[in-house]
Amino acid sequence: MSASRGTIEAALRARRDSGGKCLVPYITGGFEGYLDAISAAADAGADAIEVGIPFSDPVMDGPVIQEANEIVLRNGVTPASIIDEVATLDVDVPMAVMTYYNIAFRFGLDRFAQSLHAAGISGAILPDMPLVEAGPWVEAADNGGVETVLLAAPTTTDAHLPAICDRSRGFVYAVGLLGVTGVRDELADSAKVIAARCKAVTDTPVLVGVGVGTPAQAAEVSTVADGCVVGTAIVRKLIDGGGPEAVGQLVGEIRTALDAG
Amino acid sequence: MAMTEPTPDGRFGRFGGRFVPESLIPACEELEVAFRKYWADDAFRSELSGLLNDYAGRPSPLTECHRLSEELGYRVLLKREDLNHTGSHKINNVLGQALLAKRMGKSRLVAETGAGQHGVASATAAALFGMECVVYMGEVDVERQALNVFRMRLLGAEVRTAMSGSRTLKDAVNEAMRDWVATVEDSHYCLGSAMGPHPYPWMVREFHRVIGTEAREQCLALTGADPDVVTACVGGGSNAIGIFSGFVDTDAELVGVEPAGGAAIDRGVPGVVHGSLSFLMQDEEGQVLEAQSISAGLDYPGIGPEHAHLADSGRARYEKVTDDEVVEAFQLLSRTEGIIPALEPAHALAWMSRAREELAGKTVLLNLSGRGDKDAVQMMEILG
Ligand SMILES: Cc1ncc(COP(=O)(O)O)c(C=O)c1O
């Protein structure tokens, strides 16, 4: 499976090279119906999918993703069970896990990377792992064939930005605003600024995430970025009981908006 | 072996580091630069000393406990951080950080609090310096430390209730960090213990070093020697690291005391939460466990990284006590010395009481990190 899916970076470059904009939805792993939601998102035009592995103390996440995390953890879901279930999926877009450093650390960095690879998961995003602490994980991930997506923030200095973009694999996750995950009424001014700053120093695809929640916001930020990550708006659909259909529908609407440019 | 700086990457031995979202890295770097600069700056140091002396009431006394010593069978000395303004050691660190924040041009302090002592100290400093102050506190703690919530509000701070997870200190830290991620440009995170991302564990230790420095001189003046044992309670570890820093290069045994329900050293394994790698109570999957303690200030599943290193290297040892032992100790000090301790330092006293045989004939210095006023209502319910 993993071979046919290819890497995240290849998928995103292919989209960009064909003149399109990249869409990476985030779905909380272990949430009821999440496997079908992943398939629905893939069918609706996602280029890659982020699967969240819940952590007890998600400091980068706002109330909605926190709530989804808490529900999943209460149900006794474990990182290994999510990885094992994702391994059974028959989707043709690459996937990355998004979790916090301690989950990987407790698993054992090498073993975590190997487990992801074995499950056909191409990448990993660890939002509380800044570049200065990335060394041991990046080595394990490189050895295990896992793409490490690093985050660049609005506060990231010009001195640090090139190194982050340079070391990021799959794509550069440009954090759209100063704050935690969540839908905002309007796209923050900082979103296009950080996208442009990243684009100026790297050829790796640059996707903006955090604060991108509507088709219009996705299209707007993608006038500068190569695409976007949409998390909270999608998780909200699951929490509200919309299930995979609602997720597929929202991903489809965002896809349409991105294609309309 | 004196307590030195951590390595450039913020490590004490194999612990520490700077595990925060990239958004906060520039703020941590800026803070480190500012701390280095002002900690070496005479004007800053003398302004801080002035505040500690004339506002907070330092130096805090050293009290010899005659009746308690007789009861326990060894000589007991108390370092009286309970007599500081606002009622605990927390003010040492807060005055340092608030002064630094002011120098850095920050107009707002964000803090977490468990027992409310750090929150009260932060609200106090914010009032003193004319800064805005937001304090996050778990819902459980808002209830059991209601007096401190009122004090914070009276001092002009906004208290925000953390409703997630265990609704205690751990969750208050999460909320404070989320706030800081969003407000980092004008806010300083006034972290209340010797934990968090580099440079906090080091900086907080330095701001509390005054406890150990004073106590060393006071012990020498009183007894003509260093104490045999120095003990303190450990939540994140700030009061303990403060007093240990004065004695780490002596022969004194250093003993940190944790609650049985929040014993990071005893029950934890290395893990990463709230910015650093340290011992952490967690399950097999890496989910952080909820601590369980009678004391809101120690109800925390982690511990500052320098304590992890002190435990690892064997220079300090860490003991744990039960809530019942703490309730006994709380009453013991009240009855024998006329000093009502906070529940946090009552943990260290509980260990001292249990370890009578081991300690017989020795001189033991206890860091009495805070007073018990805040715990009176809670204890009234427990003791009936
Ligand atoms: C009086 C007192 N002692 C100790 C502590 C625990 O903190 P630390 O371990 O940082 O000294 C607290 C925390 O609220 C406290 O109020």
# chains A, B, ... in the order shown; residues from 1 in each chain; ligands from 1

$ select_by_dssp --residues "stretch 125-161 of chain B" --states "strand (DSSP E or B)" --output "PyMOL selection string"
chain B and resi 132-138+158-161

$ interface_residues --of "chain A" --to "chain B" --cutoff "10 Å" --atoms "only C-alpha atoms" --output "PyMOL selection string"
chain A and resi 54-63+66-67+70+73+77-80+100-107+126-134+150-157+160+164+175+177-181

$ write_last_selection --atoms "N, CA and C atoms" --output "short mmCIF file (atom, residue, chain, number, x, y, z; two decimals), in the first residue's frame"
data_model
loop_
_atom_site.label_atom_id
_atom_site.label_comp_id
_atom_site.auth_asym_id
_atom_site.auth_seq_id
_atom_site.Cartn_x
_atom_site.Cartn_y
_atom_site.Cartn_z
N PRO A 54 -4.34 11.35 19.58
CA PRO A 54 -4.62 12.18 20.76
C PRO A 54 -3.56 12.07 21.85
N PHE A 55 -3.31 13.22 22.48
CA PHE A 55 -2.40 13.31 23.61
C PHE A 55 -3.15 13.99 24.75
N SER A 56 -2.82 13.61 25.95
CA SER A 56 -3.54 14.14 27.13
C SER A 56 -3.38 15.65 27.30
N ASP A 57 -2.27 16.22 26.82
CA ASP A 57 -1.99 17.63 27.08
C ASP A 57 -1.61 18.39 25.80
N PRO A 58 -2.60 18.57 24.92
CA PRO A 58 -2.32 19.15 23.61
C PRO A 58 -2.24 20.68 23.64
N VAL A 59 -1.06 21.22 23.91
CA VAL A 59 -0.95 22.67 24.12
C VAL A 59 -1.11 23.51 22.85
N MET A 60 -1.01 22.88 21.69
CA MET A 60 -1.19 23.67 20.45
C MET A 60 -2.65 23.65 19.99
N ASP A 61 -3.50 22.91 20.70
CA ASP A 61 -4.87 22.75 20.22
C ASP A 61 -5.90 23.55 21.00
N GLY A 62 -6.87 24.05 20.26
CA GLY A 62 -8.00 24.78 20.83
C GLY A 62 -9.08 23.82 21.31
N PRO A 63 -10.20 24.38 21.78
CA PRO A 63 -11.25 23.59 22.45
C PRO A 63 -11.83 22.43 21.61
N GLN A 66 -9.30 19.61 21.31
CA GLN A 66 -9.16 19.09 22.68
C GLN A 66 -10.32 18.17 23.04
N GLU A 67 -11.52 18.61 22.67
CA GLU A 67 -12.70 17.81 23.01
C GLU A 67 -12.66 16.46 22.31
N GLU A 70 -10.22 14.26 24.05
CA GLU A 70 -10.69 13.73 25.33
C GLU A 70 -11.68 12.59 25.13
N LEU A 73 -9.67 9.51 24.08
CA LEU A 73 -8.88 8.94 25.18
C LEU A 73 -9.77 8.25 26.20
N VAL A 77 -8.67 4.43 23.44
CA VAL A 77 -7.91 4.29 22.19
C VAL A 77 -6.43 4.56 22.47
N THR A 78 -5.54 3.81 21.84
CA THR A 78 -4.10 4.01 22.04
C THR A 78 -3.43 4.39 20.73
N PRO A 79 -2.23 4.96 20.79
CA PRO A 79 -1.50 5.27 19.56
C PRO A 79 -1.33 4.03 18.69
N ALA A 80 -0.98 2.91 19.32
CA ALA A 80 -0.75 1.69 18.53
C ALA A 80 -2.03 1.23 17.84
N TYR A 100 1.92 14.62 19.63
CA TYR A 100 2.88 15.38 20.42
C TYR A 100 4.11 14.54 20.73
N TYR A 101 5.19 15.22 21.04
CA TYR A 101 6.48 14.55 21.14
C TYR A 101 6.47 13.37 22.10
N ASN A 102 5.77 13.53 23.24
CA ASN A 102 5.85 12.47 24.25
C ASN A 102 5.29 11.14 23.76
N ILE A 103 4.32 11.21 22.86
CA ILE A 103 3.75 9.96 22.33
C ILE A 103 4.83 9.19 21.57
N ALA A 104 5.58 9.89 20.75
CA ALA A 104 6.66 9.25 19.98
C ALA A 104 7.80 8.83 20.91
N PHE A 105 8.09 9.69 21.88
CA PHE A 105 9.20 9.44 22.81
C PHE A 105 8.94 8.19 23.64
N ARG A 106 7.70 8.07 24.13
CA ARG A 106 7.34 6.93 24.97
C ARG A 106 7.33 5.63 24.17
N PHE A 107 6.87 5.74 22.94
CA PHE A 107 6.86 4.59 22.02
C PHE A 107 8.29 4.11 21.79
N LEU A 126 4.97 16.87 14.70
CA LEU A 126 5.02 16.94 16.16
C LEU A 126 5.10 18.42 16.55
N PRO A 127 3.96 19.05 16.82
CA PRO A 127 3.95 20.50 16.95
C PRO A 127 4.68 21.07 18.17
N ASP A 128 4.96 20.22 19.16
CA ASP A 128 5.73 20.74 20.30
C ASP A 128 7.20 20.38 20.18
N MET A 129 7.60 19.97 18.98
CA MET A 129 9.02 19.69 18.73
C MET A 129 9.57 20.76 17.78
N PRO A 130 10.21 21.79 18.34
CA PRO A 130 10.79 22.81 17.47
C PRO A 130 12.07 22.28 16.83
N LEU A 131 12.57 22.98 15.85
CA LEU A 131 13.78 22.53 15.16
C LEU A 131 14.92 22.26 16.14
N VAL A 132 15.08 23.11 17.16
CA VAL A 132 16.21 22.91 18.09
C VAL A 132 16.16 21.59 18.84
N GLU A 133 14.99 20.99 18.94
CA GLU A 133 14.89 19.70 19.64
C GLU A 133 14.61 18.55 18.67
N ALA A 134 14.70 18.82 17.38
CA ALA A 134 14.25 17.82 16.40
C ALA A 134 15.28 16.73 16.10
N LEU A 150 7.97 20.04 9.56
CA LEU A 150 8.26 21.01 10.62
C LEU A 150 7.34 22.22 10.48
N LEU A 151 7.19 22.92 11.58
CA LEU A 151 6.30 24.09 11.60
C LEU A 151 7.11 25.38 11.61
N ALA A 152 6.64 26.33 10.85
CA ALA A 152 7.22 27.68 10.86
C ALA A 152 6.13 28.62 11.36
N ALA A 153 6.48 29.46 12.34
CA ALA A 153 5.46 30.30 12.97
C ALA A 153 5.64 31.76 12.57
N PRO A 154 4.58 32.54 12.76
CA PRO A 154 4.69 33.97 12.46
C PRO A 154 5.84 34.65 13.21
N THR A 155 6.15 34.13 14.41
CA THR A 155 7.23 34.72 15.20
C THR A 155 8.61 34.21 14.81
N THR A 156 8.66 33.15 14.01
CA THR A 156 9.95 32.60 13.62
C THR A 156 10.79 33.68 12.95
N THR A 157 12.02 33.80 13.39
CA THR A 157 12.88 34.87 12.87
C THR A 157 13.43 34.51 11.49
N HIS A 160 16.05 31.89 11.60
CA HIS A 160 15.70 30.47 11.77
C HIS A 160 14.91 29.89 10.61
N ILE A 164 14.47 25.81 9.13
CA ILE A 164 13.24 25.04 9.34
C ILE A 164 12.72 24.54 7.99
N VAL A 175 2.39 28.10 10.18
CA VAL A 175 1.34 28.35 11.17
C VAL A 175 0.73 29.72 10.88
N LEU A 177 -1.34 31.76 12.32
CA LEU A 177 -1.54 32.84 13.28
C LEU A 177 -0.85 32.48 14.59
N LEU A 178 -0.75 33.46 15.47
CA LEU A 178 -0.25 33.20 16.80
C LEU A 178 -1.43 32.71 17.62
N GLY A 179 -1.43 31.43 17.91
CA GLY A 179 -2.55 30.90 18.68
C GLY A 179 -2.72 29.42 18.42
N VAL A 180 -3.72 28.85 19.09
CA VAL A 180 -3.96 27.42 18.99
C VAL A 180 -4.91 27.12 17.83
N THR A 181 -5.07 25.84 17.53
CA THR A 181 -5.96 25.44 16.44
C THR A 181 -7.38 25.89 16.74
#

$ closest_residue --among "A:Val206, A:Ile234, A:Ala119, A:Cys165" --to "A:Gly252" --atoms "only C-alpha atoms"
A:Ile234

$ residues_near_ligand --ligand "ligand 1" --cutoff "9 Å" --atoms "only C-alpha atoms and all ligand atoms" --output "PyMOL selection string"
chain B and resi 81-82+87-90+113-119+169+192-195+232-242+258+295-299+303-304+341-346+367-372

$ atom_distance --atom1 "atom CA of B:Tyr300" --atom2 "atom CA of B:Ile265"
11.7 Å

$ residues_around --residues "stretch 236-249 of chain A" --least-positions-apart "5" --cutoff "6 Å" --atoms "only C-alpha atoms" --output "PyMOL selection string"
chain A and resi 36-37+40-41+44

$ residues_around --residues "stretch 92-106 of chain B" --least-positions-apart "5" --cutoff "9 Å" --atoms "only C-alpha atoms" --output "PyMOL selection string"
chain B and resi 30-31+34-35+38+44+47-48+51-52+56+84+118+121-122+124-126+129+131+185-193+203-208+210-211+238

$ decode --residues "stretch 160-187 of chain B" --atoms "N, CA, C and O atoms" --output "short mmCIF file (atom, residue, chain, number, x, y, z; two decimals), in the first residue's frame"
data_model
loop_
_atom_site.label_atom_id
_atom_site.label_comp_id
_atom_site.auth_asym_id
_atom_site.auth_seq_id
_atom_site.Cartn_x
_atom_site.Cartn_y
_atom_site.Cartn_z
N ARG B 160 -8.86 32.89 35.29
CA ARG B 160 -9.60 32.08 34.32
C ARG B 160 -9.54 30.61 34.74
O ARG B 160 -8.46 30.09 35.02
N THR B 161 -10.70 29.98 34.73
CA THR B 161 -10.80 28.60 35.20
C THR B 161 -10.46 27.61 34.09
O THR B 161 -11.02 27.68 33.01
N ALA B 162 -9.55 26.69 34.39
CA ALA B 162 -9.20 25.64 33.43
C ALA B 162 -10.10 24.44 33.67
O ALA B 162 -10.12 23.86 34.75
N MET B 163 -10.87 24.10 32.63
CA MET B 163 -11.91 23.08 32.77
C MET B 163 -11.50 21.72 32.20
O MET B 163 -12.26 20.77 32.29
N SER B 164 -10.34 21.63 31.58
CA SER B 164 -10.00 20.38 30.89
C SER B 164 -9.26 19.42 31.81
O SER B 164 -8.76 19.80 32.87
N GLY B 165 -9.17 18.17 31.37
CA GLY B 165 -8.37 17.15 32.05
C GLY B 165 -8.71 16.99 33.52
O GLY B 165 -9.88 16.88 33.90
N SER B 166 -7.67 17.01 34.36
CA SER B 166 -7.87 16.81 35.79
C SER B 166 -8.34 18.09 36.48
O SER B 166 -8.61 18.10 37.66
N ARG B 167 -8.39 19.19 35.72
CA ARG B 167 -8.81 20.50 36.24
C ARG B 167 -7.99 20.92 37.46
O ARG B 167 -8.48 21.46 38.42
N THR B 168 -6.68 20.61 37.38
CA THR B 168 -5.76 21.06 38.43
C THR B 168 -4.55 21.72 37.76
O THR B 168 -4.65 22.20 36.63
N LEU B 169 -3.43 21.73 38.47
CA LEU B 169 -2.26 22.50 38.04
C LEU B 169 -1.79 22.18 36.61
O LEU B 169 -1.48 23.07 35.83
N LYS B 170 -1.74 20.89 36.28
CA LYS B 170 -1.30 20.48 34.95
C LYS B 170 -2.12 21.17 33.86
O LYS B 170 -1.58 21.64 32.85
N ASP B 171 -3.41 21.24 34.07
CA ASP B 171 -4.31 21.80 33.07
C ASP B 171 -4.22 23.33 33.05
O ASP B 171 -4.39 23.96 32.01
N ALA B 172 -3.93 23.90 34.22
CA ALA B 172 -3.71 25.34 34.27
C ALA B 172 -2.46 25.71 33.47
O ALA B 172 -2.44 26.72 32.76
N VAL B 173 -1.43 24.87 33.54
CA VAL B 173 -0.22 25.12 32.75
C VAL B 173 -0.55 25.04 31.26
O VAL B 173 -0.14 25.89 30.47
N ASN B 174 -1.33 24.02 30.88
CA ASN B 174 -1.73 23.90 29.47
C ASN B 174 -2.40 25.18 28.98
O ASN B 174 -2.08 25.70 27.91
N GLU B 175 -3.35 25.68 29.78
CA GLU B 175 -4.08 26.88 29.37
C GLU B 175 -3.17 28.10 29.31
O GLU B 175 -3.28 28.94 28.41
N ALA B 176 -2.27 28.20 30.27
CA ALA B 176 -1.34 29.33 30.27
C ALA B 176 -0.46 29.28 29.04
O ALA B 176 -0.19 30.30 28.40
N MET B 177 -0.03 28.08 28.66
CA MET B 177 0.82 27.96 27.47
C MET B 177 0.04 28.31 26.21
O MET B 177 0.56 28.94 25.30
N ARG B 178 -1.23 27.90 26.17
CA ARG B 178 -2.06 28.24 24.99
C ARG B 178 -2.25 29.75 24.90
O ARG B 178 -2.23 30.33 23.82
N ASP B 179 -2.44 30.38 26.04
CA ASP B 179 -2.55 31.84 26.06
C ASP B 179 -1.26 32.46 25.54
O ASP B 179 -1.27 33.33 24.66
N TRP B 180 -0.15 31.96 26.05
CA TRP B 180 1.16 32.53 25.69
C TRP B 180 1.44 32.37 24.19
O TRP B 180 1.98 33.26 23.55
N VAL B 181 1.04 31.21 23.64
CA VAL B 181 1.23 31.00 22.20
C VAL B 181 0.52 32.11 21.41
O VAL B 181 1.00 32.56 20.38
N ALA B 182 -0.62 32.55 21.93
CA ALA B 182 -1.41 33.54 21.20
C ALA B 182 -1.00 34.98 21.50
O ALA B 182 -1.29 35.89 20.72
N THR B 183 -0.34 35.21 22.63
CA THR B 183 -0.10 36.59 23.08
C THR B 183 1.37 36.91 23.29
O THR B 183 1.71 37.91 23.92
N VAL B 184 2.20 36.03 22.74
CA VAL B 184 3.63 36.08 23.06
C VAL B 184 4.29 37.44 22.77
O VAL B 184 5.27 37.80 23.39
N GLU B 185 3.70 38.19 21.86
CA GLU B 185 4.36 39.45 21.51
C GLU B 185 4.31 40.50 22.62
O GLU B 185 5.24 41.27 22.79
N ASP B 186 3.20 40.52 23.39
CA ASP B 186 3.16 41.52 24.47
C ASP B 186 3.10 40.90 25.86
O ASP B 186 3.11 41.62 26.86
N SER B 187 3.04 39.57 25.94
CA SER B 187 2.90 38.93 27.25
C SER B 187 4.15 38.17 27.66
O SER B 187 4.84 37.58 26.83
#
